[in-house]
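S.K.: So here's data-v3.txt (compact mmCIF, C-alpha atoms and all ligand atoms).
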# COMPACT_ATOMS: atom_id res chain seq x y z
CA MET A 11 -14.39 -6.29 -21.59
CA ILE A 12 -13.35 -9.43 -19.73
CA SER A 13 -11.12 -11.68 -21.83
CA ASP A 14 -11.62 -15.42 -22.16
CA SER A 15 -8.14 -16.08 -20.80
CA LEU A 16 -8.97 -14.15 -17.62
CA LEU A 17 -12.29 -15.97 -17.20
CA HIS A 18 -10.48 -19.27 -17.65
CA ALA A 19 -7.85 -18.30 -15.04
CA LEU A 20 -10.60 -17.36 -12.58
CA ARG A 21 -12.60 -20.54 -13.16
CA SER A 22 -9.61 -22.80 -12.76
CA ALA A 23 -8.06 -21.02 -9.76
CA ARG A 24 -7.88 -23.08 -6.58
CA HIS A 25 -6.65 -20.31 -4.30
CA VAL A 26 -7.67 -16.70 -4.96
CA VAL A 27 -6.34 -13.74 -2.98
CA VAL A 28 -8.40 -10.56 -3.02
CA PHE A 29 -6.37 -7.53 -1.97
CA THR A 30 -8.43 -4.40 -1.41
CA GLY A 31 -7.86 -0.71 -0.82
CA ALA A 32 -9.98 2.33 -0.19
CA GLY A 33 -11.47 2.26 -3.71
CA VAL A 34 -13.55 -0.83 -2.87
CA SER A 35 -15.47 1.23 -0.29
CA ALA A 36 -15.71 4.40 -2.42
CA GLU A 37 -19.11 3.43 -3.81
CA SER A 38 -20.35 3.08 -0.22
CA GLY A 39 -19.56 6.77 0.26
CA ILE A 40 -16.31 6.26 2.21
CA PRO A 41 -13.66 8.65 0.90
CA THR A 42 -10.40 7.25 -0.47
CA PHE A 43 -7.06 8.79 0.53
CA ARG A 44 -5.53 9.98 -2.71
CA ASP A 45 -8.30 10.56 -5.27
CA SER A 46 -8.13 14.15 -6.48
CA LEU A 47 -10.61 16.49 -4.74
CA THR A 48 -12.33 13.83 -2.63
CA GLY A 49 -9.29 12.00 -1.18
CA LEU A 50 -8.69 12.41 2.55
CA TRP A 51 -5.03 13.36 2.02
CA GLU A 52 -6.16 16.04 -0.45
CA ARG A 53 -8.19 17.71 2.30
CA PHE A 54 -6.38 16.78 5.53
CA ASP A 55 -2.72 16.71 6.51
CA ALA A 56 -1.60 13.10 7.07
CA ALA A 57 1.34 14.18 9.26
CA SER A 58 -1.04 15.97 11.67
CA LEU A 59 -3.52 13.09 11.88
CA ALA A 60 -2.06 9.71 10.97
CA THR A 61 1.24 9.43 12.85
CA PRO A 62 2.11 8.51 16.44
CA ASP A 63 3.60 12.01 16.85
CA ALA A 64 0.33 13.63 15.82
CA PHE A 65 -1.53 11.69 18.52
CA ARG A 66 1.09 12.62 21.15
CA ARG A 67 0.85 16.31 20.18
CA ASP A 68 -2.93 16.59 19.98
CA PRO A 69 -4.86 13.44 20.96
CA ALA A 70 -8.25 15.21 20.89
CA LEU A 71 -7.77 16.39 17.30
CA VAL A 72 -6.75 12.92 16.13
CA TRP A 73 -9.44 11.07 18.13
CA GLY A 74 -12.15 13.48 16.86
CA TRP A 75 -11.08 12.93 13.25
CA TYR A 76 -11.16 9.14 13.59
CA GLU A 77 -14.55 9.30 15.32
CA TRP A 78 -15.83 11.31 12.35
CA ARG A 79 -14.53 8.59 10.04
CA ARG A 80 -15.96 5.81 12.23
CA MET A 81 -19.35 7.51 12.10
CA LYS A 82 -19.23 7.65 8.30
CA VAL A 83 -18.52 3.91 8.20
CA LEU A 84 -21.32 3.11 10.68
CA GLN A 85 -23.72 5.03 8.43
CA ALA A 86 -22.50 3.27 5.24
CA GLN A 87 -23.52 -0.04 3.71
CA PRO A 88 -21.52 -2.64 1.76
CA ASN A 89 -21.76 -2.02 -2.01
CA PRO A 90 -21.95 -4.45 -4.96
CA ALA A 91 -18.12 -4.82 -4.94
CA HIS A 92 -18.06 -6.02 -1.32
CA ARG A 93 -20.96 -8.34 -2.05
CA ALA A 94 -19.30 -9.77 -5.19
CA ILE A 95 -16.16 -10.58 -3.17
CA ALA A 96 -18.28 -12.34 -0.53
CA GLU A 97 -20.00 -14.31 -3.29
CA LEU A 98 -16.68 -15.21 -4.92
CA ALA A 99 -15.56 -16.66 -1.58
CA ARG A 100 -18.48 -19.10 -1.80
CA HIS A 101 -17.51 -20.21 -5.31
CA VAL A 102 -13.76 -20.77 -5.32
CA PRO A 103 -12.08 -23.61 -3.42
CA ARG A 104 -10.10 -21.16 -1.28
CA LEU A 105 -10.17 -17.38 -0.94
CA THR A 106 -8.00 -15.17 1.24
CA LEU A 107 -9.21 -11.61 1.67
CA VAL A 108 -6.51 -9.10 2.57
CA THR A 109 -7.56 -5.49 3.06
CA GLN A 110 -5.77 -2.25 3.77
CA ASN A 111 -9.11 -0.78 4.83
CA VAL A 112 -9.97 0.09 8.40
CA ASP A 113 -13.74 -0.22 7.85
CA ASP A 114 -15.80 -3.38 8.44
CA LEU A 115 -17.72 -3.42 5.17
CA HIS A 116 -16.21 -6.72 3.97
CA GLU A 117 -17.36 -8.42 7.17
CA ARG A 118 -20.81 -6.86 6.86
CA ALA A 119 -21.01 -8.17 3.27
CA GLY A 120 -20.43 -11.70 4.62
CA ASN A 121 -16.68 -12.35 4.47
CA THR A 122 -15.12 -13.94 7.52
CA ASP A 123 -11.47 -14.07 8.56
CA VAL A 124 -10.60 -10.81 6.80
CA ILE A 125 -6.90 -9.92 7.15
CA HIS A 126 -6.72 -6.23 8.10
CA LEU A 127 -3.19 -4.98 7.37
CA HIS A 128 -3.83 -1.44 8.62
CA GLY A 129 -5.99 -2.23 11.64
CA SER A 130 -9.57 -1.20 12.29
CA LEU A 131 -11.55 1.91 13.23
CA HIS A 132 -13.67 -0.37 15.39
CA ARG A 133 -10.92 -1.77 17.60
CA PRO A 134 -9.32 1.02 19.64
CA ARG A 135 -6.81 0.01 22.26
CA CYS A 136 -5.13 1.45 25.31
CA LEU A 137 -1.96 3.42 24.70
CA ARG A 138 -0.60 2.32 28.08
CA CYS A 139 -1.59 -1.36 28.57
CA GLY A 140 -2.54 -2.29 24.99
CA ARG A 141 -5.87 -3.82 25.97
CA GLU A 142 -9.07 -3.27 24.01
CA PRO A 143 -12.24 -2.11 25.78
CA ASP A 144 -14.59 -4.98 26.73
CA GLU A 145 -17.57 -3.14 25.26
CA PRO A 146 -17.75 -1.71 21.72
CA LEU A 147 -17.55 2.09 21.66
CA ALA A 148 -20.87 3.91 21.58
CA MET A 149 -22.04 5.52 18.34
CA PRO A 150 -20.12 8.79 18.07
CA ALA A 151 -22.22 11.86 18.81
CA GLU A 152 -22.25 13.56 15.39
CA PRO A 153 -18.60 14.58 15.33
CA ASP A 154 -17.34 16.54 12.37
CA ALA A 155 -13.95 16.28 10.74
CA GLY A 156 -12.30 19.10 12.66
CA ARG A 157 -14.01 18.71 16.04
CA ARG A 158 -11.71 17.81 18.89
CA LEU A 159 -12.86 15.00 21.16
CA GLU A 160 -10.97 13.78 24.22
CA PRO A 161 -10.12 10.07 23.81
CA PRO A 162 -11.94 7.89 26.34
CA ARG A 163 -9.98 6.26 29.16
CA CYS A 164 -9.12 2.56 29.45
CA MET A 165 -11.38 0.67 31.84
CA HIS A 166 -8.42 -1.41 33.10
CA CYS A 167 -5.66 1.15 33.73
CA ALA A 168 -7.20 4.57 32.95
CA GLY A 169 -4.69 5.10 30.12
CA GLN A 170 -5.78 6.93 26.99
CA LEU A 171 -7.45 4.93 24.19
CA ARG A 172 -5.97 5.34 20.73
CA PRO A 173 -7.51 4.43 17.35
CA GLY A 174 -6.74 0.82 16.40
CA VAL A 175 -5.28 1.74 13.02
CA VAL A 176 -1.69 1.56 11.71
CA TRP A 177 -0.18 5.01 11.34
CA PHE A 178 2.75 6.02 9.15
CA GLY A 179 6.00 4.85 10.70
CA GLU A 180 4.30 2.05 12.67
CA HIS A 181 4.82 -1.63 12.05
CA LEU A 182 1.96 -3.58 10.54
CA PRO A 183 0.54 -6.37 12.72
CA GLY A 184 3.11 -9.12 12.20
CA GLU A 185 0.78 -12.08 11.99
CA ALA A 186 -1.52 -10.33 9.49
CA LEU A 187 1.41 -9.37 7.27
CA ASP A 188 2.89 -12.88 7.41
CA ARG A 189 -0.44 -14.44 6.48
CA ALA A 190 -0.96 -11.95 3.63
CA PHE A 191 2.52 -12.56 2.19
CA ALA A 192 2.18 -16.34 2.52
CA ALA A 193 -1.22 -16.32 0.76
CA ALA A 194 0.14 -14.07 -2.02
CA GLN A 195 3.02 -16.46 -2.62
CA ALA A 196 0.73 -19.52 -2.68
CA CYS A 197 -2.25 -18.29 -4.73
CA ASP A 198 -3.04 -18.89 -8.41
CA LEU A 199 -4.83 -15.59 -8.93
CA LEU A 200 -4.80 -12.27 -7.11
CA LEU A 201 -7.40 -9.54 -7.57
CA SER A 202 -6.08 -6.13 -6.52
CA VAL A 203 -9.11 -3.88 -6.08
CA GLY A 204 -9.22 -0.11 -5.56
CA THR A 205 -5.72 0.62 -4.35
CA SER A 206 -3.11 3.11 -5.53
CA GLY A 207 -0.44 0.63 -4.42
CA VAL A 208 1.86 3.33 -3.03
CA VAL A 209 1.92 2.38 0.66
CA TYR A 210 4.47 -0.20 1.79
CA PRO A 211 4.79 -2.92 2.86
CA ALA A 212 1.16 -3.65 1.85
CA ALA A 213 1.90 -2.79 -1.79
CA GLN A 214 4.21 -5.81 -1.94
CA VAL A 215 1.25 -8.21 -1.75
CA PRO A 216 0.33 -8.15 -5.49
CA GLU A 217 4.01 -8.01 -6.45
CA LEU A 218 4.78 -11.15 -4.45
CA ALA A 219 1.88 -12.95 -6.08
CA TRP A 220 3.01 -11.98 -9.57
CA GLU A 221 6.62 -12.94 -8.84
CA ALA A 222 5.45 -16.34 -7.57
CA GLY A 223 3.65 -16.99 -10.86
CA ALA A 224 0.05 -15.99 -10.11
CA VAL A 225 -2.29 -14.17 -12.48
CA VAL A 226 -2.75 -10.61 -11.19
CA VAL A 227 -5.84 -8.54 -11.99
CA HIS A 228 -6.11 -4.82 -11.15
CA VAL A 229 -9.60 -3.35 -10.76
CA ASN A 230 -9.46 0.44 -10.77
CA PRO A 231 -11.18 3.24 -12.73
CA GLN A 232 -7.75 4.81 -13.24
CA GLY A 233 -6.59 1.79 -15.20
CA GLN A 234 -2.93 0.91 -14.85
CA ALA A 235 -0.03 1.85 -17.07
CA GLY A 236 1.31 -1.09 -19.09
CA ARG A 237 0.87 -4.69 -18.23
CA ARG A 238 3.13 -7.68 -17.94
CA GLU A 239 2.40 -11.29 -18.83
CA ARG A 240 -0.25 -12.78 -16.49
CA GLU A 241 -1.41 -9.26 -15.59
CA TYR A 242 -4.85 -7.80 -16.43
CA ASN A 243 -6.55 -4.45 -15.95
CA LEU A 244 -10.26 -4.10 -15.45
CA ALA A 245 -10.63 -0.35 -15.83
CA GLY A 246 -13.77 0.80 -14.06
CA PRO A 247 -15.46 1.07 -10.68
CA ALA A 248 -15.21 -2.07 -8.56
CA GLY A 249 -18.98 -2.08 -8.03
CA GLU A 250 -19.42 -2.67 -11.77
CA GLN A 251 -16.32 -4.70 -12.66
CA LEU A 252 -16.49 -7.32 -9.90
CA PRO A 253 -20.15 -8.33 -10.38
CA ALA A 254 -19.44 -8.54 -14.15
CA LEU A 255 -16.53 -10.87 -13.45
CA LEU A 256 -18.87 -13.26 -11.62
CA ALA A 257 -21.76 -13.04 -14.10
C1 LIG A 301 -11.53 2.90 -7.08
C2 LIG A 301 -12.81 3.41 -7.02
C3 LIG A 301 -13.84 2.51 -7.31
C4 LIG A 301 -11.49 5.03 -6.53
N1 LIG A 301 -13.55 1.24 -7.60
N2 LIG A 301 -11.27 1.65 -7.39
C5 LIG A 301 9.15 7.63 2.44
C6 LIG A 301 8.85 8.60 3.40
C7 LIG A 301 8.10 8.26 4.55
C8 LIG A 301 7.67 6.97 4.76
C9 LIG A 301 7.97 6.03 3.81
C10 LIG A 301 8.72 6.35 2.67
N3 LIG A 301 8.82 5.22 1.92
C11 LIG A 301 8.18 4.22 2.54
C12 LIG A 301 7.66 4.69 3.70
C13 LIG A 301 6.90 3.90 4.66
C14 LIG A 301 5.42 4.19 4.63
C15 LIG A 301 4.95 4.36 3.19
O1 LIG A 301 4.69 3.41 2.47
N4 LIG A 301 4.83 5.60 2.73
C16 LIG A 301 4.49 5.87 1.33
C17 LIG A 301 3.16 6.63 1.28
C18 LIG A 301 5.61 6.64 0.73
N5 LIG A 301 4.79 3.04 5.26
C19 LIG A 301 4.63 2.97 6.58
O2 LIG A 301 4.95 3.87 7.33
C20 LIG A 301 4.02 1.68 7.09
N6 LIG A 301 4.81 1.13 8.10
C21 LIG A 301 6.06 0.71 7.91
O3 LIG A 301 6.61 0.80 6.83
O4 LIG A 301 6.63 0.14 9.01
C22 LIG A 301 8.00 -0.24 8.95
C23 LIG A 301 8.83 0.85 9.55
C24 LIG A 301 8.55 1.31 10.80
C25 LIG A 301 9.33 2.32 11.36
C26 LIG A 301 10.36 2.88 10.59
C27 LIG A 301 10.62 2.41 9.32
C28 LIG A 301 9.85 1.37 8.80
C29 LIG A 301 2.66 1.95 7.68
C30 LIG A 301 1.70 2.46 6.66
C31 LIG A 301 0.36 2.72 7.31
C32 LIG A 301 -0.57 3.38 6.30
N7 LIG A 301 -1.65 3.90 6.96
C33 LIG A 301 -2.75 4.49 6.18
C34 LIG A 301 -3.65 5.15 7.19
C35 LIG A 301 -4.33 4.07 8.04
C36 LIG A 301 -5.11 4.68 9.13
C37 LIG A 301 -6.22 5.51 8.58
O5 LIG A 301 -7.11 4.96 7.91
O6 LIG A 301 -6.17 6.70 8.81
O7 LIG A 301 -3.44 3.45 5.47
S1 LIG A 301 -2.27 5.62 4.90
C38 LIG A 301 -3.55 5.16 3.80
O8 LIG A 301 -2.96 4.61 2.60
C39 LIG A 301 -4.31 4.02 4.48
C40 LIG A 301 -4.52 3.06 3.35
O9 LIG A 301 -4.77 1.77 3.82
C41 LIG A 301 -3.24 3.20 2.56
C42 LIG A 301 -3.36 2.76 1.12
O10 LIG A 301 -4.25 3.55 0.43
P1 LIG A 301 -5.24 2.91 -0.65
O11 LIG A 301 -6.17 2.00 0.01
O12 LIG A 301 -4.46 2.40 -1.79
O13 LIG A 301 -6.10 4.21 -1.07
P2 LIG A 301 -5.74 5.34 -2.14
O14 LIG A 301 -6.63 6.48 -1.86
O15 LIG A 301 -4.29 5.60 -2.19
O16 LIG A 301 -6.14 4.69 -3.53
C43 LIG A 301 -7.49 4.42 -3.84
C44 LIG A 301 -7.55 3.81 -5.23
O17 LIG A 301 -8.90 3.44 -5.48
C45 LIG A 301 -7.15 4.80 -6.34
O18 LIG A 301 -6.20 4.16 -7.20
C46 LIG A 301 -8.45 5.08 -7.08
O19 LIG A 301 -8.28 5.25 -8.47
C47 LIG A 301 -9.22 3.81 -6.79
N8 LIG A 301 -10.68 3.97 -6.82
N9 LIG A 301 -12.74 4.74 -6.70
C48 LIG A 301 -12.24 0.86 -7.65
N10 LIG A 301 -15.15 2.91 -7.29
ZN ZN A 302 -5.08 0.30 29.73
Kindly return the structure encoded in the file as structure tokens.
Ligand code: BJW
Ligand code: ZN

M.R.:
Amino acid sequence: MISDSLLHALRSARHVVVFTGAGVSAESGIPTFRDSLTGLWERFDAASLATPDAFRRDPALVWGWYEWRRMKVLQAQPNPAHRAIAELARHVPRLTLVTQNVDDLHERAGNTDVIHLHGSLHRPRCLRCGREPDEPLAMPAEPDAGRRLEPPRCMHCAGQLRPGVVWFGEHLPGEALDRAFAAAQACDLLLSVGTSGVVYPAAQVPELAWEAGAVVVHVNPQGQAGRREREYNLAGPAGEQLPALLA
């Protein structure tokens, strides 16, 4: 049930920040990280796959796993939650979309200028010279989660390509983080959609907004324990809650 005070806050907001996590893509069939049974970190070991050390130790294992994930994204479609966010962007005076996700489903739903805090599956770069390939990577050839695949070589310096995502222990892209923090501190309302909020520094984004006086709305089927003033919970799947918010 969406309260009148929340609808009023949304209608009068001049700058909305939407902060998304893996849950916004769950209804597109992309697994989250920490949901029980289906979460990636329930089935795979993060330390063996999502750290710079893991890539140094076994680049083919890591590259194969990310190609499997890239294939899942290429086969997926934006869902009603992605589409509702794109529609919201057309209706509020200003909207900043900040995502922790490494997929491109927000862009494919119609959002532009998406701030990707944790990089992208679609933008690998060279480990040696840092450049990105001129051509997009080909569609992966049916990899599966455990299949090793040698990373391709850089066309400029023949170094190894690495996935363009931010692993544990790596710094987030500075400009993206600065823009996300600045938007959080300047917005009137922040929607935090489908995130467990346990990974830092990204998890500071809703906190900064709340501390700066914004209304903060959490959209998550898990609900959220307690709530402070100016804080709302929409307990349910994003693909149902976000379209209802715009109706
Ligand atoms: C739905 C839904 C539906 C389901 N609708 N909702 C202690 C020990 C070790 C490290 C640290 C530590 N304390 C802090 C750290 C640092 C670390 C960190 O935060 N660790 C914590 C986990 C403890 N952070 C870092 O290392 C970061 N870098 C950094 O801090 O640099 C500074 C530094 C450098 C060097 C030295 C010291 C400091 C980098 C973090 C990078 C995170 N990378 C990942 C992987 C990206 C690549 C990849 O995709 O493989 O990013 S981890 C993973 O978690 C991914 C996500 O973006 C991120 C957040 O997850 P998210 O999106 O919230 O997903 P879930 O699964 O957690 O939650 C989904 C939610 O959706 C759930 O709540 C569901 O209920 C909900 N849901 N269906 C709506 N239909
Ligand atoms: Zn190179």

S.K.: Return the single residue from A:Leu182, A:Leu256, A:Ala222, A:Met165 that is closest to ligand ZN 302 (chain A), with distances computed using all atoms listed in the file.

M.R.: A:Met165

S.K.: Compile the contact shell of Ser130 (chain A) as a PDB file with C-alpha atoms, in the frame of the given file: residues with an atom at most 10 Å away, counting only C-alpha atoms, same-chain residues fewer than 4 positions apart removed.

M.R.:
ATOM      1  CA  ARG A  80     -15.960   5.810  12.230  1.00  0.00           C
ATOM      2  CA  GLN A 110      -5.770  -2.250   3.770  1.00  0.00           C
ATOM      3  CA  ASN A 111      -9.110  -0.780   4.830  1.00  0.00           C
ATOM      4  CA  VAL A 112      -9.970   0.090   8.400  1.00  0.00           C
ATOM      5  CA  ASP A 113     -13.740  -0.220   7.850  1.00  0.00           C
ATOM      6  CA  ASP A 114     -15.800  -3.380   8.440  1.00  0.00           C
ATOM      7  CA  HIS A 126      -6.720  -6.230   8.100  1.00  0.00           C
ATOM      8  CA  PRO A 134      -9.320   1.020  19.640  1.00  0.00           C
ATOM      9  CA  PRO A 173      -7.510   4.430  17.350  1.00  0.00           C
ATOM     10  CA  GLY A 174      -6.740   0.820  16.400  1.00  0.00           C
ATOM     11  CA  VAL A 175      -5.280   1.740  13.020  1.00  0.00           C
ATOM     12  CA  VAL A 176      -1.690   1.560  11.710  1.00  0.00           C
TER      13      VAL A 176
END

S.K.: Pick from A:Pro146, A:Pro88, A:Pro162, A:Gly207: nearest to ligand LIG 301 (chain A), with all atoms listed in the file counted?

M.R.: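 When distances to ligand LIG 301 (chain A) are compared using all atoms listed in the file, the smallest one comes from A:Gly207.
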
S.K.: Between A:Ser202, A:Thr122, A:Gln214, A:Gln195, which is the closest to Asn230 (chain A) once you count all atoms listed in the file?

M.R.: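 That would be A:Ser202, the residue with the smallest distance to Asn230 (chain A).
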
S.K.: Kindly indicate which residue among A:Val83, A:Cys164, A:Leu255, A:Val229 lies nearest to ligand ZN 302 (chain A), using only C-alpha atoms and all ligand atoms for the distances.

M.R.: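 Smallest distance to ligand ZN 302 (chain A) is found for A:Cys164.
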
S.K.: Point out the residue among A:Asp198, A:Arg118, A:Pro143, A:Tyr242 with the least atom-to-atom distance to Asp14 (chain A), counting only C-alpha atoms.

M.R.: A:Tyr242

S.K.: Leaving out Gly179 (chain A) and any residue of its chain fewer than 4 positions from it, which residues lie within 12 Å of it when counting only C-alpha atoms, given as a list in words?

M.R.: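 Contacts, with the query itself left out: Ala56, Ala57, Ala60, Thr61, Pro62, Asp63, Ala64, His128, Val175, Val209, Tyr210 and Pro211 of chain A.
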
S.K.: For chain A versus ligand ZN 302 (chain A), which residues have an atom no more than 8 Å away, and what is each residue's nearest atom pair and distance in Å rounded to one decimal, using all atoms listed in the file, chain-then-number order, as a Markdown table?

M.R.:
| residue | atom | partner | partner_atom | distance |
| --- | --- | --- | --- | --- |
| A:Arg135 | CA | A:ZN302 | ZN | 7.7 |
| A:Cys136 | CA | A:ZN302 | ZN | 4.6 |
| A:Leu137 | CA | A:ZN302 | ZN | 6.7 |
| A:Arg138 | CA | A:ZN302 | ZN | 5.2 |
| A:Cys139 | CA | A:ZN302 | ZN | 4.0 |
| A:Gly140 | CA | A:ZN302 | ZN | 6.0 |
| A:Arg141 | CA | A:ZN302 | ZN | 5.6 |
| A:Glu142 | CA | A:ZN302 | ZN | 7.8 |
| A:Arg163 | CA | A:ZN302 | ZN | 7.7 |
| A:Cys164 | CA | A:ZN302 | ZN | 4.6 |
| A:Met165 | CA | A:ZN302 | ZN | 6.7 |
| A:His166 | CA | A:ZN302 | ZN | 5.0 |
| A:Cys167 | CA | A:ZN302 | ZN | 4.1 |
| A:Ala168 | CA | A:ZN302 | ZN | 5.8 |
| A:Gly169 | CA | A:ZN302 | ZN | 4.8 |
| A:Gln170 | CA | A:ZN302 | ZN | 7.2 |
| A:Leu171 | CA | A:ZN302 | ZN | 7.6 |

S.K.: May I have the residues within 12 Å of Ser35 (chain A) as a PyMOL selection string, using all atoms listed in the file and disregarding those fewer than 3 positions away in the same chain?

M.R.: chain A and resi 30-32+38-43+82-83+86-93+109-116+119+203-205+247-249

S.K.: For a quick check of understanding, using only C-alpha atoms, which of A:Leu127, A:Val226, A:Leu244, A:Leu147 has the smallest distance to Asp188 (chain A)?

M.R.: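 Closest to Asp188 (chain A) of all the choices is A:Leu127.
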
S.K.: What's the separation between CA of His181 (chain A) and CA of Arg67 (chain A), in Å to one decimal place?

M.R.: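 Straight-line distance from CA of His181 (chain A) to CA of Arg67 (chain A) works out to 20.1 Å.
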
S.K.: Report the centre and edge lengths, in Å to one decimal, of an axis-aligned box enclosing every atom of ligand LIG 301 (chain A) listed in the file, padded by 4 Å on each side, as AutoDock Vina command-line options.

M.R.:
--center_x -2.3 --center_y 4.2 --center_z 1.4 --size_x 33.8 --size_y 16.8 --size_z 27.8

S.K.: Residues near Val102 (chain A), anyone? I mean within 8 Å using only C-alpha atoms, not counting same-chain ones fewer than 3 positions away, as a PDB file with C-alpha atoms, in the frame of the given file.

M.R.:
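The resulting file, part_23.pdb, is reproduced below:
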ATOM      1  CA  ARG A  21     -12.600 -20.540 -13.160  1.00  0.00           C
ATOM      2  CA  ALA A  23      -8.060 -21.020  -9.760  1.00  0.00           C
ATOM      3  CA  ARG A  24      -7.880 -23.080  -6.580  1.00  0.00           C
ATOM      4  CA  HIS A  25      -6.650 -20.310  -4.300  1.00  0.00           C
ATOM      5  CA  VAL A  26      -7.670 -16.700  -4.960  1.00  0.00           C
ATOM      6  CA  LEU A  98     -16.680 -15.210  -4.920  1.00  0.00           C
ATOM      7  CA  ALA A  99     -15.560 -16.660  -1.580  1.00  0.00           C
ATOM      8  CA  LEU A 105     -10.170 -17.380  -0.940  1.00  0.00           C
TER       9      LEU A 105
END

S.K.: Any idea what the distance is between CA of Glu97 (chain A) and CA of Ala257 (chain A)?

M.R.: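 So the answer is 11.0 Å.
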
S.K.: Scan for residues within 10 Å of the point (-12.0, 10.8, 19.2) in the coordinates of the file, using all atoms listed in the file, and reply as a list in words.

M.R.: Pro69, Ala70, Leu71, Val72, Trp73, Gly74, Trp75, Tyr76, Glu77, Trp78, Arg79, Arg80, Pro150, Pro153, Arg157, Arg158, Leu159, Glu160, Pro161, Pro162, Leu171, Arg172 and Pro173 of chain A

S.K.: Could you check how far atom C19 of ligand LIG 301 (chain A) sits from CA of Gly120 (chain A), in Å to one decimal?

M.R.: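 Straight-line distance from atom C19 of ligand LIG 301 (chain A) to CA of Gly120 (chain A) works out to 29.1 Å.
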
S.K.: Using all atoms listed in the file, determine which residues lie at most 12 Å from Ser46 (chain A), disregarding the query and same-chain residues fewer than 6 positions distant; provide the list as a compact mmCIF listing (two decimals) with C-alpha atoms, in the coordinates of the input.

M.R.:
# COMPACT_ATOMS: atom_id res chain seq x y z
CA GLU A 52 -6.16 16.04 -0.45
CA ARG A 53 -8.19 17.71 2.30
CA GLN A 232 -7.75 4.81 -13.24

S.K.: Saving region 153-190 of chain A with C-alpha atoms, as a JSON list (two decimals), in the first residue's frame, what would that file be?

M.R.:
[["chain", "number", "residue", "atom", "x", "y", "z"],
["A", 153, "PRO", "CA", 29.90, -21.10, -21.83],
["A", 154, "ASP", "CA", 28.71, -22.63, -18.60],
["A", 155, "ALA", "CA", 29.44, -21.43, -15.11],
["A", 156, "GLY", "CA", 32.45, -23.67, -14.47],
["A", 157, "ARG", "CA", 33.97, -23.77, -17.96],
["A", 158, "ARG", "CA", 37.40, -22.25, -18.24],
["A", 159, "LEU", "CA", 37.96, -19.88, -21.13],
["A", 160, "GLU", "CA", 41.26, -18.16, -21.92],
["A", 161, "PRO", "CA", 40.79, -14.36, -21.84],
["A", 162, "PRO", "CA", 41.27, -12.77, -25.26],
["A", 163, "ARG", "CA", 44.34, -10.65, -25.93],
["A", 164, "CYS", "CA", 44.43, -6.86, -26.28],
["A", 165, "MET", "CA", 44.57, -5.68, -29.88],
["A", 166, "HIS", "CA", 46.96, -2.85, -28.92],
["A", 167, "CYS", "CA", 49.58, -4.51, -26.70],
["A", 168, "ALA", "CA", 48.66, -8.23, -26.61],
["A", 169, "GLY", "CA", 48.08, -8.04, -22.84],
["A", 170, "GLN", "CA", 45.32, -10.11, -21.29],
["A", 171, "LEU", "CA", 41.77, -8.68, -21.21],
["A", 172, "ARG", "CA", 40.05, -8.66, -17.83],
["A", 173, "PRO", "CA", 36.33, -8.23, -17.05],
["A", 174, "GLY", "CA", 35.42, -4.55, -16.66],
["A", 175, "VAL", "CA", 33.83, -5.03, -13.24],
["A", 176, "VAL", "CA", 34.95, -3.85, -9.79],
["A", 177, "TRP", "CA", 36.19, -6.73, -7.67],
["A", 178, "PHE", "CA", 36.44, -6.88, -3.89],
["A", 179, "GLY", "CA", 39.39, -4.83, -2.70],
["A", 180, "GLU", "CA", 39.40, -2.62, -5.82],
["A", 181, "HIS", "CA", 38.57, 1.06, -5.84],
["A", 182, "LEU", "CA", 35.32, 2.11, -7.44],
["A", 183, "PRO", "CA", 35.65, 4.39, -10.49],
["A", 184, "GLY", "CA", 36.30, 7.75, -8.84],
["A", 185, "GLU", "CA", 34.20, 9.94, -11.09],
["A", 186, "ALA", "CA", 31.19, 7.60, -10.85],
["A", 187, "LEU", "CA", 31.41, 7.50, -7.06],
["A", 188, "ASP", "CA", 31.77, 11.29, -6.81],
["A", 189, "ARG", "CA", 28.76, 11.84, -9.04],
["A", 190, "ALA", "CA", 26.69, 9.30, -7.09]]
